[in-house]
Amino acid sequence: MKILIINGPNLNMLGLREPGIYGDRNYATLCTLCEQWCAEEGMECELFQTNHEGAIVDKIQEAYGRFDGIVINPAAYTHTSVAILDALKAVSIPTVEVHISKVSDREAFRQISYVSLYALRTIEGMGFEGYREAICALKKHLNK
Ligand code: CA2
C-alpha cells in the first residue's frame with residue numbers, strides 16, 4: 001500500500017510563525033512523523049510540498065496508477081481551488097483531507113473546502129496528530 005502525502009502553500013514555514021495556531025514544530029518534523037506513522041502501519045509513503053496550485057494538480061495527475069491513496073492538506077488552496085478538486089475527481093484515488101488547525105472555528109473564508117466535496121473524511125484541529133489519523137483512516141478504507 002503506497003500513499004502520497006501532499007502539503008500546500010506555506011506549510012514549509014511551520015514552526016516559524018503562529019505557533020498558537022499551528023504549533024512550534026517544523027515541516028521537517030512533520031515529514032519524519034508521517035514517515036514513521038506510515039512505517040508503523042506497514043505503508044509506503046511519498047511526501048510532497050509545494051507553494052503552487054498547478055504543481056499540486058500535476059502531482060495528483062501523476063499519482064494515477066502509482067498510489068493507492070492520498071492524504072492532502074491543501075492549505076490556503078483548500079478554500080479556493082476547484083482545480084485541485086477536479087484533479088482528485090479525475091484520478092479517483094481515495095483521499096483524506098487534513099488540517100492542522102480547527103478551520104471550522106476560524107474565519108468565515110476558511111469554512112469553505114472544495115476538496116471536502118471529494119474527500120472520504122476531513123480531519124481538523126488535531127495538530128500534527130491529524131496526519132496520523134488521516135493515514136490510519138486511509139489504511140482502514142483501503143483494507144475494506
Ligand atoms: O490548518 C491547516 O492545516 C490549514 O490548512 C493551514 C493553512 C491555512 O491557510 C488553512 O486555512 C488551514 C496555512 C498553512 C501554513 O501557514 C503558516 C502560516 C504562518 C506560519 C507558518 C505556516
# chains A, B, ... in the order shown; residues from 1 in each chain; ligands from 1
>>> residues_around(residues="stretch 74-89 of chain A", least_positions_apart="3", cutoff="10 Å", atoms="only C-alpha atoms", output="VMD selection string")
chain A and resid 6 to 11 49 to 61 63 to 64 70 to 71 92 to 95 97 to 100 109 to 119
>>> select_by_dssp(residues="chain A", states="alpha helix (DSSP H)", output="PyMOL selection string")
chain A and resi 19-22+27-40+53-62+82-91+129-143
>>> residues_around(residues="A:Lys139", least_positions_apart="2", cutoff="12 Å", atoms="only C-alpha atoms", output="number ranges by chain")
A: 1-3, 37-45, 68-71, 94-96, 120, 132-137, 141-144
>>> write_last_selection(atoms="N, CA and C atoms", output="PDB file, in the first residue's frame")
ATOM      1  N   MET A   1       0.847  -1.197   0.000  1.00  0.00           N
ATOM      2  CA  MET A   1       0.000   0.000   0.000  1.00  0.00           C
ATOM      3  C   MET A   1       0.885   1.251   0.000  1.00  0.00           C
ATOM      4  N   LYS A   2       0.673   2.082  -1.001  1.00  0.00           N
ATOM      5  CA  LYS A   2       1.555   3.248  -1.152  1.00  0.00           C
ATOM      6  C   LYS A   2       0.715   4.531  -1.166  1.00  0.00           C
ATOM      7  N   ILE A   3       1.042   5.451  -0.300  1.00  0.00           N
ATOM      8  CA  ILE A   3       0.256   6.686  -0.257  1.00  0.00           C
ATOM      9  C   ILE A   3       1.128   7.919  -0.509  1.00  0.00           C
ATOM     10  N   TRP A  37       4.819   7.098  11.027  1.00  0.00           N
ATOM     11  CA  TRP A  37       3.447   6.580  11.163  1.00  0.00           C
ATOM     12  C   TRP A  37       3.104   5.638  10.014  1.00  0.00           C
ATOM     13  N   CYS A  38       3.538   5.963   8.810  1.00  0.00           N
ATOM     14  CA  CYS A  38       3.275   5.077   7.673  1.00  0.00           C
ATOM     15  C   CYS A  38       4.006   3.753   7.864  1.00  0.00           C
ATOM     16  N   ALA A  39       5.263   3.826   8.296  1.00  0.00           N
ATOM     17  CA  ALA A  39       6.052   2.602   8.521  1.00  0.00           C
ATOM     18  C   ALA A  39       5.368   1.722   9.568  1.00  0.00           C
ATOM     19  N   GLU A  40       4.871   2.344  10.637  1.00  0.00           N
ATOM     20  CA  GLU A  40       4.175   1.589  11.698  1.00  0.00           C
ATOM     21  C   GLU A  40       2.943   0.866  11.155  1.00  0.00           C
ATOM     22  N   GLU A  41       2.313   1.475  10.158  1.00  0.00           N
ATOM     23  CA  GLU A  41       1.101   0.882   9.561  1.00  0.00           C
ATOM     24  C   GLU A  41       1.443  -0.040   8.393  1.00  0.00           C
ATOM     25  N   GLY A  42       2.740  -0.211   8.126  1.00  0.00           N
ATOM     26  CA  GLY A  42       3.173  -1.070   7.019  1.00  0.00           C
ATOM     27  C   GLY A  42       2.879  -0.465   5.660  1.00  0.00           C
ATOM     28  N   MET A  43       2.870   0.867   5.604  1.00  0.00           N
ATOM     29  CA  MET A  43       2.569   1.555   4.352  1.00  0.00           C
ATOM     30  C   MET A  43       3.804   2.303   3.851  1.00  0.00           C
ATOM     31  N   GLU A  44       3.910   2.384   2.538  1.00  0.00           N
ATOM     32  CA  GLU A  44       4.972   3.207   1.923  1.00  0.00           C
ATOM     33  C   GLU A  44       4.408   4.605   1.724  1.00  0.00           C
ATOM     34  N   CYS A  45       5.253   5.625   1.843  1.00  0.00           N
ATOM     35  CA  CYS A  45       4.723   6.961   1.558  1.00  0.00           C
ATOM     36  C   CYS A  45       5.730   7.836   0.825  1.00  0.00           C
ATOM     37  N   ASP A  68      -2.056   4.285  -3.993  1.00  0.00           N
ATOM     38  CA  ASP A  68      -3.356   3.726  -3.594  1.00  0.00           C
ATOM     39  C   ASP A  68      -4.221   4.757  -2.877  1.00  0.00           C
ATOM     40  N   GLY A  69      -3.574   5.753  -2.292  1.00  0.00           N
ATOM     41  CA  GLY A  69      -4.329   6.744  -1.533  1.00  0.00           C
ATOM     42  C   GLY A  69      -3.563   8.046  -1.417  1.00  0.00           C
ATOM     43  N   ILE A  70      -4.307   9.089  -1.068  1.00  0.00           N
ATOM     44  CA  ILE A  70      -3.704  10.418  -0.901  1.00  0.00           C
ATOM     45  C   ILE A  70      -4.161  11.014   0.427  1.00  0.00           C
ATOM     46  N   VAL A  71      -3.202  11.590   1.157  1.00  0.00           N
ATOM     47  CA  VAL A  71      -3.510  12.467   2.293  1.00  0.00           C
ATOM     48  C   VAL A  71      -3.133  13.864   1.829  1.00  0.00           C
ATOM     49  N   PRO A  94      -8.666   7.315  -3.536  1.00  0.00           N
ATOM     50  CA  PRO A  94      -9.208   7.610  -2.205  1.00  0.00           C
ATOM     51  C   PRO A  94      -8.331   8.633  -1.463  1.00  0.00           C
ATOM     52  N   THR A  95      -8.991   9.649  -0.919  1.00  0.00           N
ATOM     53  CA  THR A  95      -8.267  10.798  -0.355  1.00  0.00           C
ATOM     54  C   THR A  95      -8.843  11.206   0.989  1.00  0.00           C
ATOM     55  N   VAL A  96      -7.945  11.496   1.931  1.00  0.00           N
ATOM     56  CA  VAL A  96      -8.358  12.074   3.208  1.00  0.00           C
ATOM     57  C   VAL A  96      -7.734  13.467   3.312  1.00  0.00           C
ATOM     58  N   LEU A 120     -12.871  11.465   1.501  1.00  0.00           N
ATOM     59  CA  LEU A 120     -13.590  10.471   2.300  1.00  0.00           C
ATOM     60  C   LEU A 120     -13.887  11.030   3.674  1.00  0.00           C
ATOM     61  N   ARG A 132      -1.635  11.456  11.372  1.00  0.00           N
ATOM     62  CA  ARG A 132      -1.652  10.037  11.781  1.00  0.00           C
ATOM     63  C   ARG A 132      -3.064   9.477  11.613  1.00  0.00           C
ATOM     64  N   GLU A 133      -4.018  10.273  12.086  1.00  0.00           N
ATOM     65  CA  GLU A 133      -5.437   9.905  11.965  1.00  0.00           C
ATOM     66  C   GLU A 133      -5.805   9.682  10.484  1.00  0.00           C
ATOM     67  N   ALA A 134      -5.310  10.583   9.631  1.00  0.00           N
ATOM     68  CA  ALA A 134      -5.609  10.501   8.188  1.00  0.00           C
ATOM     69  C   ALA A 134      -4.987   9.246   7.575  1.00  0.00           C
ATOM     70  N   ILE A 135      -3.741   8.955   7.940  1.00  0.00           N
ATOM     71  CA  ILE A 135      -3.031   7.762   7.432  1.00  0.00           C
ATOM     72  C   ILE A 135      -3.804   6.498   7.841  1.00  0.00           C
ATOM     73  N   CYS A 136      -4.226   6.452   9.112  1.00  0.00           N
ATOM     74  CA  CYS A 136      -4.949   5.273   9.620  1.00  0.00           C
ATOM     75  C   CYS A 136      -6.324   5.154   8.964  1.00  0.00           C
ATOM     76  N   ALA A 137      -6.995   6.289   8.755  1.00  0.00           N
ATOM     77  CA  ALA A 137      -8.325   6.267   8.108  1.00  0.00           C
ATOM     78  C   ALA A 137      -8.210   5.753   6.681  1.00  0.00           C
ATOM     79  N   HIS A 141      -9.814   2.303   5.090  1.00  0.00           N
ATOM     80  CA  HIS A 141     -10.632   2.334   3.873  1.00  0.00           C
ATOM     81  C   HIS A 141     -10.070   1.401   2.805  1.00  0.00           C
ATOM     82  N   LEU A 142      -8.755   1.432   2.608  1.00  0.00           N
ATOM     83  CA  LEU A 142      -8.136   0.633   1.548  1.00  0.00           C
ATOM     84  C   LEU A 142      -8.173  -0.856   1.843  1.00  0.00           C
ATOM     85  N   ASN A 143      -8.258  -1.201   3.133  1.00  0.00           N
ATOM     86  CA  ASN A 143      -8.311  -2.618   3.526  1.00  0.00           C
ATOM     87  C   ASN A 143      -9.714  -3.218   3.454  1.00  0.00           C
ATOM     88  N   LYS A 144     -10.695  -2.356   3.224  1.00  0.00           N
ATOM     89  CA  LYS A 144     -12.101  -2.823   3.205  1.00  0.00           C
ATOM     90  C   LYS A 144     -12.328  -3.809   2.065  1.00  0.00           C
TER      91      LYS A 144
END
>>> select_by_dssp(residues="stretch 25-68 of chain A", states="strand (DSSP E)", output="number ranges by chain")
A: 44-49
>>> decode(residues="stretch 1-16 of chain A", atoms="all heavy atoms", output="PDB file, in the first residue's frame")
ATOM      1  N   MET A   1       0.847  -1.197   0.000  1.00  0.00           N
ATOM      2  CA  MET A   1       0.000   0.000   0.000  1.00  0.00           C
ATOM      3  C   MET A   1       0.885   1.251   0.000  1.00  0.00           C
ATOM      4  O   MET A   1       1.739   1.399   0.865  1.00  0.00           O
ATOM      5  CB  MET A   1      -0.849  -0.032   1.284  1.00  0.00           C
ATOM      6  CG  MET A   1      -2.059   0.850   1.238  1.00  0.00           C
ATOM      7  SD  MET A   1      -3.010   0.680   2.762  1.00  0.00           S
ATOM      8  CE  MET A   1      -3.709  -0.949   2.599  1.00  0.00           C
ATOM      9  N   LYS A   2       0.673   2.082  -1.001  1.00  0.00           N
ATOM     10  CA  LYS A   2       1.555   3.248  -1.152  1.00  0.00           C
ATOM     11  C   LYS A   2       0.715   4.531  -1.166  1.00  0.00           C
ATOM     12  O   LYS A   2      -0.225   4.634  -1.968  1.00  0.00           O
ATOM     13  CB  LYS A   2       2.329   3.104  -2.463  1.00  0.00           C
ATOM     14  CG  LYS A   2       3.500   4.039  -2.537  1.00  0.00           C
ATOM     15  CD  LYS A   2       4.374   3.719  -3.733  1.00  0.00           C
ATOM     16  CE  LYS A   2       5.444   4.793  -3.882  1.00  0.00           C
ATOM     17  NZ  LYS A   2       6.190   4.713  -5.104  1.00  0.00           N
ATOM     18  N   ILE A   3       1.042   5.451  -0.300  1.00  0.00           N
ATOM     19  CA  ILE A   3       0.256   6.686  -0.257  1.00  0.00           C
ATOM     20  C   ILE A   3       1.128   7.919  -0.509  1.00  0.00           C
ATOM     21  O   ILE A   3       2.328   7.927  -0.243  1.00  0.00           O
ATOM     22  CB  ILE A   3      -0.545   6.852   1.059  1.00  0.00           C
ATOM     23  CG1 ILE A   3       0.365   7.067   2.268  1.00  0.00           C
ATOM     24  CG2 ILE A   3      -1.455   5.662   1.292  1.00  0.00           C
ATOM     25  CD1 ILE A   3      -0.373   7.603   3.483  1.00  0.00           C
ATOM     26  N   LEU A   4       0.455   8.935  -1.029  1.00  0.00           N
ATOM     27  CA  LEU A   4       1.090  10.223  -1.317  1.00  0.00           C
ATOM     28  C   LEU A   4       0.556  11.238  -0.307  1.00  0.00           C
ATOM     29  O   LEU A   4      -0.659  11.340  -0.119  1.00  0.00           O
ATOM     30  CB  LEU A   4       0.708  10.626  -2.748  1.00  0.00           C
ATOM     31  CG  LEU A   4       1.140  12.008  -3.226  1.00  0.00           C
ATOM     32  CD1 LEU A   4       2.667  12.137  -3.244  1.00  0.00           C
ATOM     33  CD2 LEU A   4       0.581  12.266  -4.634  1.00  0.00           C
ATOM     34  N   ILE A   5       1.467  11.950   0.344  1.00  0.00           N
ATOM     35  CA  ILE A   5       1.063  12.973   1.321  1.00  0.00           C
ATOM     36  C   ILE A   5       1.438  14.337   0.738  1.00  0.00           C
ATOM     37  O   ILE A   5       2.623  14.632   0.532  1.00  0.00           O
ATOM     38  CB  ILE A   5       1.742  12.742   2.691  1.00  0.00           C
ATOM     39  CG1 ILE A   5       1.378  11.345   3.216  1.00  0.00           C
ATOM     40  CG2 ILE A   5       1.331  13.838   3.687  1.00  0.00           C
ATOM     41  CD1 ILE A   5       2.041  10.953   4.531  1.00  0.00           C
ATOM     42  N   ILE A   6       0.412  15.130   0.434  1.00  0.00           N
ATOM     43  CA  ILE A   6       0.615  16.422  -0.221  1.00  0.00           C
ATOM     44  C   ILE A   6       0.364  17.553   0.774  1.00  0.00           C
ATOM     45  O   ILE A   6      -0.678  17.573   1.449  1.00  0.00           O
ATOM     46  CB  ILE A   6      -0.353  16.588  -1.416  1.00  0.00           C
ATOM     47  CG1 ILE A   6      -0.126  15.503  -2.465  1.00  0.00           C
ATOM     48  CG2 ILE A   6      -0.217  17.979  -2.036  1.00  0.00           C
ATOM     49  CD1 ILE A   6      -1.137  15.525  -3.630  1.00  0.00           C
ATOM     50  N   ASN A   7       1.290  18.480   0.850  1.00  0.00           N
ATOM     51  CA  ASN A   7       1.125  19.667   1.686  1.00  0.00           C
ATOM     52  C   ASN A   7       1.246  20.917   0.825  1.00  0.00           C
ATOM     53  O   ASN A   7       2.182  21.060   0.043  1.00  0.00           O
ATOM     54  CB  ASN A   7       2.168  19.684   2.804  1.00  0.00           C
ATOM     55  CG  ASN A   7       1.799  18.737   3.928  1.00  0.00           C
ATOM     56  OD1 ASN A   7       0.811  18.952   4.624  1.00  0.00           O
ATOM     57  ND2 ASN A   7       2.563  17.669   4.083  1.00  0.00           N
ATOM     58  N   GLY A   8       0.289  21.814   0.998  1.00  0.00           N
ATOM     59  CA  GLY A   8       0.207  23.006   0.166  1.00  0.00           C
ATOM     60  C   GLY A   8       0.993  24.191   0.686  1.00  0.00           C
ATOM     61  O   GLY A   8       1.887  24.041   1.531  1.00  0.00           O
ATOM     62  N   PRO A   9       0.659  25.380   0.189  1.00  0.00           N
ATOM     63  CA  PRO A   9       1.479  26.576   0.402  1.00  0.00           C
ATOM     64  C   PRO A   9       1.671  26.972   1.865  1.00  0.00           C
ATOM     65  O   PRO A   9       0.743  26.907   2.664  1.00  0.00           O
ATOM     66  CB  PRO A   9       0.712  27.676  -0.350  1.00  0.00           C
ATOM     67  CG  PRO A   9      -0.650  27.137  -0.570  1.00  0.00           C
ATOM     68  CD  PRO A   9      -0.514  25.647  -0.647  1.00  0.00           C
ATOM     69  N   ASN A  10       2.905  27.368   2.141  1.00  0.00           N
ATOM     70  CA  ASN A  10       3.356  27.893   3.440  1.00  0.00           C
ATOM     71  C   ASN A  10       3.527  26.841   4.529  1.00  0.00           C
ATOM     72  O   ASN A  10       4.014  27.152   5.607  1.00  0.00           O
ATOM     73  CB  ASN A  10       2.433  29.024   3.942  1.00  0.00           C
ATOM     74  CG  ASN A  10       2.458  30.200   2.987  1.00  0.00           C
ATOM     75  OD1 ASN A  10       3.526  30.691   2.650  1.00  0.00           O
ATOM     76  ND2 ASN A  10       1.306  30.624   2.505  1.00  0.00           N
ATOM     77  N   LEU A  11       3.140  25.606   4.262  1.00  0.00           N
ATOM     78  CA  LEU A  11       3.320  24.583   5.297  1.00  0.00           C
ATOM     79  C   LEU A  11       4.806  24.295   5.532  1.00  0.00           C
ATOM     80  O   LEU A  11       5.186  23.802   6.586  1.00  0.00           O
ATOM     81  CB  LEU A  11       2.529  23.318   4.959  1.00  0.00           C
ATOM     82  CG  LEU A  11       1.015  23.505   5.177  1.00  0.00           C
ATOM     83  CD1 LEU A  11       0.210  22.418   4.476  1.00  0.00           C
ATOM     84  CD2 LEU A  11       0.661  23.519   6.670  1.00  0.00           C
ATOM     85  N   ASN A  12       5.651  24.668   4.549  1.00  0.00           N
ATOM     86  CA  ASN A  12       7.106  24.564   4.750  1.00  0.00           C
ATOM     87  C   ASN A  12       7.607  25.583   5.773  1.00  0.00           C
ATOM     88  O   ASN A  12       8.742  25.508   6.220  1.00  0.00           O
ATOM     89  CB  ASN A  12       7.855  24.748   3.416  1.00  0.00           C
ATOM     90  CG  ASN A  12       7.511  26.055   2.729  1.00  0.00           C
ATOM     91  OD1 ASN A  12       6.356  26.479   2.741  1.00  0.00           O
ATOM     92  ND2 ASN A  12       8.487  26.707   2.141  1.00  0.00           N
ATOM     93  N   MET A  13       6.731  26.527   6.157  1.00  0.00           N
ATOM     94  CA  MET A  13       7.103  27.566   7.131  1.00  0.00           C
ATOM     95  C   MET A  13       6.650  27.221   8.556  1.00  0.00           C
ATOM     96  O   MET A  13       6.802  28.028   9.476  1.00  0.00           O
ATOM     97  CB  MET A  13       6.472  28.911   6.738  1.00  0.00           C
ATOM     98  CG  MET A  13       6.838  29.396   5.363  1.00  0.00           C
ATOM     99  SD  MET A  13       8.591  29.800   5.253  1.00  0.00           S
ATOM    100  CE  MET A  13       8.560  31.436   5.966  1.00  0.00           C
ATOM    101  N   LEU A  14       6.086  26.044   8.724  1.00  0.00           N
ATOM    102  CA  LEU A  14       5.598  25.644  10.052  1.00  0.00           C
ATOM    103  C   LEU A  14       6.677  25.824  11.106  1.00  0.00           C
ATOM    104  O   LEU A  14       7.858  25.555  10.851  1.00  0.00           O
ATOM    105  CB  LEU A  14       5.163  24.170  10.039  1.00  0.00           C
ATOM    106  CG  LEU A  14       3.824  23.855   9.375  1.00  0.00           C
ATOM    107  CD1 LEU A  14       3.668  22.337   9.221  1.00  0.00           C
ATOM    108  CD2 LEU A  14       2.663  24.440  10.152  1.00  0.00           C
ATOM    109  N   GLY A  15       6.265  26.251  12.269  1.00  0.00           N
ATOM    110  CA  GLY A  15       7.201  26.409  13.382  1.00  0.00           C
ATOM    111  C   GLY A  15       7.848  27.777  13.440  1.00  0.00           C
ATOM    112  O   GLY A  15       8.379  28.177  14.477  1.00  0.00           O
ATOM    113  N   LEU A  16       7.810  28.505  12.317  1.00  0.00           N
ATOM    114  CA  LEU A  16       8.487  29.805  12.282  1.00  0.00           C
ATOM    115  C   LEU A  16       7.587  30.938  12.778  1.00  0.00           C
ATOM    116  O   LEU A  16       8.076  31.940  13.303  1.00  0.00           O
ATOM    117  CB  LEU A  16       8.955  30.131  10.856  1.00  0.00           C
ATOM    118  CG  LEU A  16       9.955  29.159  10.239  1.00  0.00           C
ATOM    119  CD1 LEU A  16      10.364  29.614   8.851  1.00  0.00           C
ATOM    120  CD2 LEU A  16      11.207  29.049  11.131  1.00  0.00           C
TER     121      LEU A  16
END
